[in-house]
Amino acid sequence: MKYRSTLLTLLAVSLAGNAATVSSPDSRLTLTTSIKDGKAVYSVSYDGKPILFDSPLGFESNIGNFSDNLTSVGSTTGDISRSFNQDRIKKSHIDWSAKSLTEEYSTPDGKKFTIQWEVGNNDIAFRYLIPAQGDTRSMIITKEATGYRFPDFTTTFLTPQSHAMIGWKRSKPSYEEFYSPDAPLDKPSQYGHGFTFPALFHVGDNGWALLTETGVDGGFCGSRLSDYKDGVFTVEFPMPEENNGNGTAAPGIPLPGKTPWRTITVGNELKPIVETTIPWNVVEPLYEATGEVRPGRGTWSWIIWQDNSINYEDQIKYIDLAADMGYENVLVDAAWDVNIGRDRMAQLAKYAKSKGVNLIVWYSSSGWWNDIVQSPVNVMSRPIPRKEEMKWLKSIGATGIKVDFFGGDKQETMRLYEDILSDANDYGISVIFHGCTMPRGWERMYPNYVGSEAVLASENLVFSQDFCDKAPFHAALHPFIRNAAGSMEYGGTVLNKRLDRTNEKGTIRRTTDAFEIATAILFQNPVQNFALAPNNLTDAPADAIQFMKDVPTTWDETLLVDGYPGKYVVLARRHADKWYIAGVNALDKPLKLTLDLPMLNAGDEATLYSEKKGKGMTASPLKIKNPGKVQVSIDPADGFVIVD
Ligand code: CA
């Protein structure tokens, strides 16, 4: 992994009185900071048009108020240039160039803190750095003033924070709520607890902005956005009721210390939002991977065959399915310890190995923060049993775990995520999180991290017909929001017509087969556990199965080709020298698009996967006539993939 960073001090910044202005390397994105009535504020514009008006900065703590009566002590600026390779996000090589601004502030009694900014062409990241204050070497941050003041014509694409301790076995919040697209700024959140990151804003003709945070590790809590109040959204800490009330809601840090990076991705169109790498640009790996980290494809019986399939015989069928598909993994879901037992799990792992398939094993995170009965429980929650378990997993040759049902965003829970990752790494085991918070730079920070759910995922297709009906909406939404900010373990691509083992009852899939294979490209996660069933080898279109055998899960490039959140989306992703261009239509009428695809050259013989009247989904040759242009027509709930 290459890492290079240079910091050069420049004077190309205007420091007029208490204001500082920094523009991106291409001069289109501008940050201005100032002090107004003793409060530190910042504003953001793109191409001269406002994205954020003067918005609050600072925080309150148990050693003083760092958000009022402030004076600016001084600032420095510089150039930042970082390049690194990353194998598990939307892009494999990242060059980050930004202007930096470091501005120091003082409180009336002489306490100091610094705001560190990086301003790239489409991304702003900032955080607070707090030095030791005399003999005081620790502090609790009780409240952040940090906020975002959008123009009043802005519309929002937000998902609410749930009440704590509700839902399945009191396991919420788990970032599994619905989004409201294009809602007014002042639309109240469903539960009155504001909204979770990432958050997308359409600032009318001025552009778009995606807010999130990154670099959150066991040393801080996860944060969220408040409801819109007095013209501003502010950063909020977890709710005291999370984690069954255990653990502090306010984060504690040592001094000198720092807060996580808050990020703002800005553009006059959606491309920079979908293509951003800001969650990874400002963080660094926290340790080296001890084992081989295996991105890859997998099968899992639970998604269609459900609880009753967690038995030895059915797992053999799914190992065989994984082997037939050429997949790397099989995921054995909840209650394997009861229904299969540890000795036979060892046999399963051995059988899987003989077929070239690795075992990923499910755990509940609990714990004292929910009522989950699906076992194993109380194994991942504390270090002694956890390390014993990792040792056993390694001994049977399992290479991954999926840990489910976490207790929220408190610092204590962030520490649990980090502890699980760190212990798993000691045994060469990769980690998927479910029923969990969203990742915050974790693909880069934790080398054995391979994905998080943190979305209403494929399991809801089984639970609810309404969710099946909304599948096109979600597929057209997530690439712009949730999946733009981090890996999303959705567990999709269903080729059954019905979400049931028999394929004859249960909820009804509304989408076409071409739509389903398109989501294998649209949804990005380094480990993809697809919702295929053994019967699909014979009852699904042969071309769809062949596509799913060949589909990669890691990407060298990702480009937004066209789309609007919740309506339709077309992405182009490159794996090695192959481009996969995938699109879906969530509108209720057919969509005709002329796609700009500069990667397609005249004379190229590409392959189009699409629905053909009377034939179902088929692969057909697509000869590129006009360089860089392809016309497609997509029916409602339909999709396509072009492979070149
Ligand atoms: Ca879930």
# chains A, B, ... in the order shown; residues from 1 in each chain; ligands from 1
call {"tool": "residues_near_ligand", "arguments": {"ligand": "ligand 1", "cutoff": "10 Å", "atoms": "only C-alpha atoms and all ligand atoms", "output": "list in words"}}
result
Trp168, Ser171, Lys172, Ser174, Tyr175, Glu176, Asp404, Phe405, Phe433, His434, Gly435, Cys436, Ser452, Glu453, Ala454, Val455, Leu456, Ala457, Ser458, Glu459, Asn460, Glu489 and Tyr490 of chain A
call {"tool": "residues_around", "arguments": {"residues": "Gly215 of chain A", "least_positions_apart": "2", "cutoff": "6 Å", "atoms": "only C-alpha atoms", "output": "list in words"}}
result
Pro260, Val283, Arg440 and Gly441 of chain A
call {"tool": "select_by_dssp", "arguments": {"residues": "segment 11-258 of chain A", "states": "helix (DSSP H, G or I)", "output": "PyMOL selection string"}}
result
chain A and resi 168-170+204-206+242-245
call {"tool": "residues_around", "arguments": {"residues": "segment 184-201 of chain A", "least_positions_apart": "5", "cutoff": "8 Å", "atoms": "only C-alpha atoms", "output": "MDAnalysis selection string"}}
result
chainID A and resid 152:163 175 208:213 223:229 438 480:482 485
call {"tool": "write_last_selection", "arguments": {"atoms": "C-alpha atoms", "output": "mmCIF file, in the first residue's frame"}}
result
data_model
loop_
_atom_site.group_PDB
_atom_site.id
_atom_site.type_symbol
_atom_site.label_atom_id
_atom_site.label_comp_id
_atom_site.auth_asym_id
_atom_site.auth_seq_id
_atom_site.Cartn_x
_atom_site.Cartn_y
_atom_site.Cartn_z
ATOM 1 C CA ASP A 152 -34.135 27.432 2.197
ATOM 2 C CA PHE A 153 -35.022 26.069 -1.253
ATOM 3 C CA THR A 154 -32.880 22.967 -0.614
ATOM 4 C CA THR A 155 -34.612 19.573 -0.617
ATOM 5 C CA THR A 156 -33.423 16.584 1.389
ATOM 6 C CA PHE A 157 -32.892 12.840 0.945
ATOM 7 C CA LEU A 158 -32.761 11.671 4.542
ATOM 8 C CA THR A 159 -33.415 8.557 6.595
ATOM 9 C CA PRO A 160 -34.495 8.918 10.221
ATOM 10 C CA GLN A 161 -32.721 7.708 13.316
ATOM 11 C CA SER A 162 -34.966 5.143 14.997
ATOM 12 C CA HIS A 163 -36.000 5.070 18.632
ATOM 13 C CA TYR A 175 -29.718 2.128 10.147
ATOM 14 C CA TRP A 208 -25.784 18.875 -4.475
ATOM 15 C CA ALA A 209 -24.182 18.088 -1.128
ATOM 16 C CA LEU A 210 -23.578 14.822 0.710
ATOM 17 C CA LEU A 211 -22.838 15.032 4.426
ATOM 18 C CA THR A 212 -21.219 12.263 6.397
ATOM 19 C CA GLU A 213 -18.362 11.605 8.793
ATOM 20 C CA SER A 223 -22.864 10.954 15.228
ATOM 21 C CA ARG A 224 -25.991 11.894 13.321
ATOM 22 C CA LEU A 225 -27.904 14.966 12.163
ATOM 23 C CA SER A 226 -30.516 16.732 14.272
ATOM 24 C CA ASP A 227 -33.923 17.672 12.979
ATOM 25 C CA TYR A 228 -33.933 21.009 11.140
ATOM 26 C CA LYS A 229 -34.142 23.695 13.807
ATOM 27 C CA MET A 438 -22.700 2.601 8.829
ATOM 28 C CA PHE A 480 -26.311 8.192 -4.483
ATOM 29 C CA ILE A 481 -26.461 8.076 -0.689
ATOM 30 C CA ARG A 482 -25.723 5.091 1.539
ATOM 31 C CA ALA A 485 -20.251 6.763 1.623
#
call {"tool": "atom_distance", "arguments": {"atom1": "atom CA of Val44 of chain A", "atom2": "atom CA of Asn69 of chain A"}}
result
22.8 Å
call {"tool": "select_by_dssp", "arguments": {"residues": "segment 146-228 of chain A", "states": "strand (DSSP E)", "output": "PDB file with N, CA, C and O atoms, in the first residue's frame"}}
result
ATOM      1  N   GLY A 147     -22.701  22.572  12.556  1.00  0.00           N
ATOM      2  CA  GLY A 147     -23.977  22.522  11.860  1.00  0.00           C
ATOM      3  C   GLY A 147     -23.859  22.830  10.385  1.00  0.00           C
ATOM      4  O   GLY A 147     -22.769  23.118   9.870  1.00  0.00           O
ATOM      5  N   TYR A 148     -24.995  22.740   9.715  1.00  0.00           N
ATOM      6  CA  TYR A 148     -25.065  22.890   8.258  1.00  0.00           C
ATOM      7  C   TYR A 148     -26.302  23.718   7.945  1.00  0.00           C
ATOM      8  O   TYR A 148     -27.430  23.271   8.199  1.00  0.00           O
ATOM      9  N   THR A 155     -33.810  20.737  -0.994  1.00  0.00           N
ATOM     10  CA  THR A 155     -34.612  19.573  -0.617  1.00  0.00           C
ATOM     11  C   THR A 155     -33.675  18.485  -0.086  1.00  0.00           C
ATOM     12  O   THR A 155     -32.470  18.501  -0.355  1.00  0.00           O
ATOM     13  N   THR A 156     -34.249  17.545   0.656  1.00  0.00           N
ATOM     14  CA  THR A 156     -33.423  16.584   1.389  1.00  0.00           C
ATOM     15  C   THR A 156     -33.749  15.146   0.995  1.00  0.00           C
ATOM     16  O   THR A 156     -34.878  14.833   0.596  1.00  0.00           O
ATOM     17  N   PHE A 157     -32.757  14.289   1.106  1.00  0.00           N
ATOM     18  CA  PHE A 157     -32.892  12.840   0.945  1.00  0.00           C
ATOM     19  C   PHE A 157     -32.338  12.232   2.228  1.00  0.00           C
ATOM     20  O   PHE A 157     -31.142  11.976   2.332  1.00  0.00           O
ATOM     21  N   LEU A 158     -33.220  12.038   3.208  1.00  0.00           N
ATOM     22  CA  LEU A 158     -32.761  11.671   4.542  1.00  0.00           C
ATOM     23  C   LEU A 158     -33.457  10.417   5.034  1.00  0.00           C
ATOM     24  O   LEU A 158     -34.564  10.095   4.604  1.00  0.00           O
ATOM     25  N   SER A 180     -36.907   9.533   2.729  1.00  0.00           N
ATOM     26  CA  SER A 180     -37.875  10.421   2.070  1.00  0.00           C
ATOM     27  C   SER A 180     -37.124  11.209   1.010  1.00  0.00           C
ATOM     28  O   SER A 180     -36.253  12.003   1.349  1.00  0.00           O
ATOM     29  N   PRO A 181     -37.452  11.002  -0.283  1.00  0.00           N
ATOM     30  CA  PRO A 181     -36.727  11.737  -1.320  1.00  0.00           C
ATOM     31  C   PRO A 181     -37.316  13.115  -1.552  1.00  0.00           C
ATOM     32  O   PRO A 181     -38.529  13.306  -1.460  1.00  0.00           O
ATOM     33  N   ASP A 182     -36.422  14.064  -1.855  1.00  0.00           N
ATOM     34  CA  ASP A 182     -36.836  15.426  -2.226  1.00  0.00           C
ATOM     35  C   ASP A 182     -37.814  16.040  -1.226  1.00  0.00           C
ATOM     36  O   ASP A 182     -38.788  16.686  -1.615  1.00  0.00           O
ATOM     37  N   ALA A 183     -37.542  15.856   0.053  1.00  0.00           N
ATOM     38  CA  ALA A 183     -38.417  16.397   1.094  1.00  0.00           C
ATOM     39  C   ALA A 183     -37.981  17.822   1.428  1.00  0.00           C
ATOM     40  O   ALA A 183     -36.818  18.176   1.245  1.00  0.00           O
ATOM     41  N   PRO A 184     -38.908  18.643   1.925  1.00  0.00           N
ATOM     42  CA  PRO A 184     -38.500  19.992   2.345  1.00  0.00           C
ATOM     43  C   PRO A 184     -37.566  19.934   3.554  1.00  0.00           C
ATOM     44  O   PRO A 184     -37.586  18.966   4.315  1.00  0.00           O
ATOM     45  N   ALA A 199     -26.168  11.871   4.434  1.00  0.00           N
ATOM     46  CA  ALA A 199     -27.363  12.669   4.175  1.00  0.00           C
ATOM     47  C   ALA A 199     -27.150  13.467   2.894  1.00  0.00           C
ATOM     48  O   ALA A 199     -26.125  14.130   2.742  1.00  0.00           O
ATOM     49  N   LEU A 200     -28.127  13.362   1.991  1.00  0.00           N
ATOM     50  CA  LEU A 200     -27.994  14.014   0.682  1.00  0.00           C
ATOM     51  C   LEU A 200     -28.924  15.224   0.584  1.00  0.00           C
ATOM     52  O   LEU A 200     -30.080  15.156   1.024  1.00  0.00           O
ATOM     53  N   PHE A 201     -28.417  16.302  -0.002  1.00  0.00           N
ATOM     54  CA  PHE A 201     -29.174  17.547  -0.132  1.00  0.00           C
ATOM     55  C   PHE A 201     -29.108  18.048  -1.568  1.00  0.00           C
ATOM     56  O   PHE A 201     -28.023  18.084  -2.156  1.00  0.00           O
ATOM     57  N   HIS A 202     -30.253  18.413  -2.125  1.00  0.00           N
ATOM     58  CA  HIS A 202     -30.310  19.005  -3.455  1.00  0.00           C
ATOM     59  C   HIS A 202     -30.509  20.500  -3.278  1.00  0.00           C
ATOM     60  O   HIS A 202     -31.594  20.944  -2.903  1.00  0.00           O
ATOM     61  N   VAL A 203     -29.437  21.247  -3.530  1.00  0.00           N
ATOM     62  CA  VAL A 203     -29.464  22.687  -3.275  1.00  0.00           C
ATOM     63  C   VAL A 203     -29.929  23.400  -4.548  1.00  0.00           C
ATOM     64  O   VAL A 203     -29.225  24.230  -5.123  1.00  0.00           O
ATOM     65  N   GLY A 207     -26.577  23.133  -6.772  1.00  0.00           N
ATOM     66  CA  GLY A 207     -25.830  21.881  -6.756  1.00  0.00           C
ATOM     67  C   GLY A 207     -26.348  20.875  -5.760  1.00  0.00           C
ATOM     68  O   GLY A 207     -27.523  20.908  -5.362  1.00  0.00           O
ATOM     69  N   TRP A 208     -25.468  19.980  -5.373  1.00  0.00           N
ATOM     70  CA  TRP A 208     -25.784  18.875  -4.475  1.00  0.00           C
ATOM     71  C   TRP A 208     -24.752  18.815  -3.355  1.00  0.00           C
ATOM     72  O   TRP A 208     -23.600  19.228  -3.556  1.00  0.00           O
ATOM     73  N   ALA A 209     -25.143  18.275  -2.214  1.00  0.00           N
ATOM     74  CA  ALA A 209     -24.182  18.088  -1.128  1.00  0.00           C
ATOM     75  C   ALA A 209     -24.498  16.801  -0.383  1.00  0.00           C
ATOM     76  O   ALA A 209     -25.665  16.498  -0.110  1.00  0.00           O
ATOM     77  N   LEU A 210     -23.445  16.038  -0.098  1.00  0.00           N
ATOM     78  CA  LEU A 210     -23.578  14.822   0.710  1.00  0.00           C
ATOM     79  C   LEU A 210     -22.797  15.028   1.996  1.00  0.00           C
ATOM     80  O   LEU A 210     -21.603  15.329   1.958  1.00  0.00           O
ATOM     81  N   LEU A 211     -23.494  14.879   3.129  1.00  0.00           N
ATOM     82  CA  LEU A 211     -22.838  15.032   4.426  1.00  0.00           C
ATOM     83  C   LEU A 211     -22.617  13.664   5.046  1.00  0.00           C
ATOM     84  O   LEU A 211     -23.519  12.829   5.055  1.00  0.00           O
ATOM     85  N   THR A 212     -21.426  13.446   5.573  1.00  0.00           N
ATOM     86  CA  THR A 212     -21.219  12.263   6.397  1.00  0.00           C
ATOM     87  C   THR A 212     -20.029  12.514   7.305  1.00  0.00           C
ATOM     88  O   THR A 212     -19.589  13.662   7.473  1.00  0.00           O
ATOM     89  N   GLU A 213     -19.529  11.469   7.928  1.00  0.00           N
ATOM     90  CA  GLU A 213     -18.362  11.605   8.793  1.00  0.00           C
ATOM     91  C   GLU A 213     -17.473  10.394   8.588  1.00  0.00           C
ATOM     92  O   GLU A 213     -17.938   9.344   8.118  1.00  0.00           O
ATOM     93  N   THR A 214     -16.198  10.545   8.911  1.00  0.00           N
ATOM     94  CA  THR A 214     -15.268   9.435   8.719  1.00  0.00           C
ATOM     95  C   THR A 214     -14.171   9.488   9.771  1.00  0.00           C
ATOM     96  O   THR A 214     -14.016  10.492  10.474  1.00  0.00           O
ATOM     97  N   ARG A 224     -24.906  11.812  14.295  1.00  0.00           N
ATOM     98  CA  ARG A 224     -25.991  11.894  13.321  1.00  0.00           C
ATOM     99  C   ARG A 224     -26.407  13.345  13.175  1.00  0.00           C
ATOM    100  O   ARG A 224     -25.809  14.222  13.798  1.00  0.00           O
ATOM    101  N   LEU A 225     -27.399  13.610  12.351  1.00  0.00           N
ATOM    102  CA  LEU A 225     -27.904  14.966  12.163  1.00  0.00           C
ATOM    103  C   LEU A 225     -29.155  15.170  12.999  1.00  0.00           C
ATOM    104  O   LEU A 225     -30.001  14.280  13.093  1.00  0.00           O
TER     105      LEU A 225
END
call {"tool": "closest_residue", "arguments": {"among": "A:Ala484, A:Ala637, A:Val330, A:Leu600", "to": "Thr558 of chain A", "atoms": "only C-alpha atoms"}}
result
A:Ala484
call {"tool": "closest_residue", "arguments": {"among": "A:Arg294, A:Lys505, A:Arg149, A:Lys387", "to": "Thr554 of chain A", "atoms": "only C-alpha atoms"}}
result
A:Arg294
call {"tool": "residues_around", "arguments": {"residues": "segment 413-430 of chain A", "least_positions_apart": "2", "cutoff": "9 Å", "atoms": "only C-alpha atoms", "output": "MDAnalysis selection string"}}
result
chainID A and resid 216:222 243 247 287:294 360 365 380:383 386:387 390:391 393:394 398:403 406:411 432:433 437 446:450
call {"tool": "atom_distance", "arguments": {"atom1": "atom CA of Val232 of chain A", "atom2": "atom CA of Thr146 of chain A"}}
result
9.7 Å
call {"tool": "residues_around", "arguments": {"residues": "Pro376 of chain A", "least_positions_apart": "3", "cutoff": "7 Å", "atoms": "only C-alpha atoms", "output": "PyMOL selection string"}}
result
chain A and resi 335+337+363-364+379
call {"tool": "write_last_selection", "arguments": {"atoms": "N, CA and C atoms", "output": "JSON list (two decimals), in the first residue's frame"}}
result
[["chain", "number", "residue", "atom", "x", "y", "z"],
["A", 335, "ALA", "N", -27.78, -19.51, 14.48],
["A", 335, "ALA", "CA", -28.17, -20.72, 15.22],
["A", 335, "ALA", "C", -27.47, -21.99, 14.74],
["A", 337, "ASP", "N", -24.76, -23.09, 15.91],
["A", 337, "ASP", "CA", -24.17, -23.79, 17.06],
["A", 337, "ASP", "C", -25.16, -24.80, 17.65],
["A", 363, "TYR", "N", -22.59, -14.54, 13.93],
["A", 363, "TYR", "CA", -22.68, -14.36, 15.39],
["A", 363, "TYR", "C", -23.62, -13.22, 15.72],
["A", 364, "SER", "N", -24.24, -13.29, 16.89],
["A", 364, "SER", "CA", -24.90, -12.11, 17.44],
["A", 364, "SER", "C", -23.84, -11.34, 18.23],
["A", 379, "VAL", "N", -20.66, -14.13, 22.76],
["A", 379, "VAL", "CA", -19.32, -14.60, 22.41],
["A", 379, "VAL", "C", -18.47, -13.45, 21.89]]
call {"tool": "closest_residue", "arguments": {"among": "A:Glu275, A:Glu516, A:Asp543, A:Glu557", "to": "Ser620 of chain A", "atoms": "only C-alpha atoms"}}
result
A:Asp543
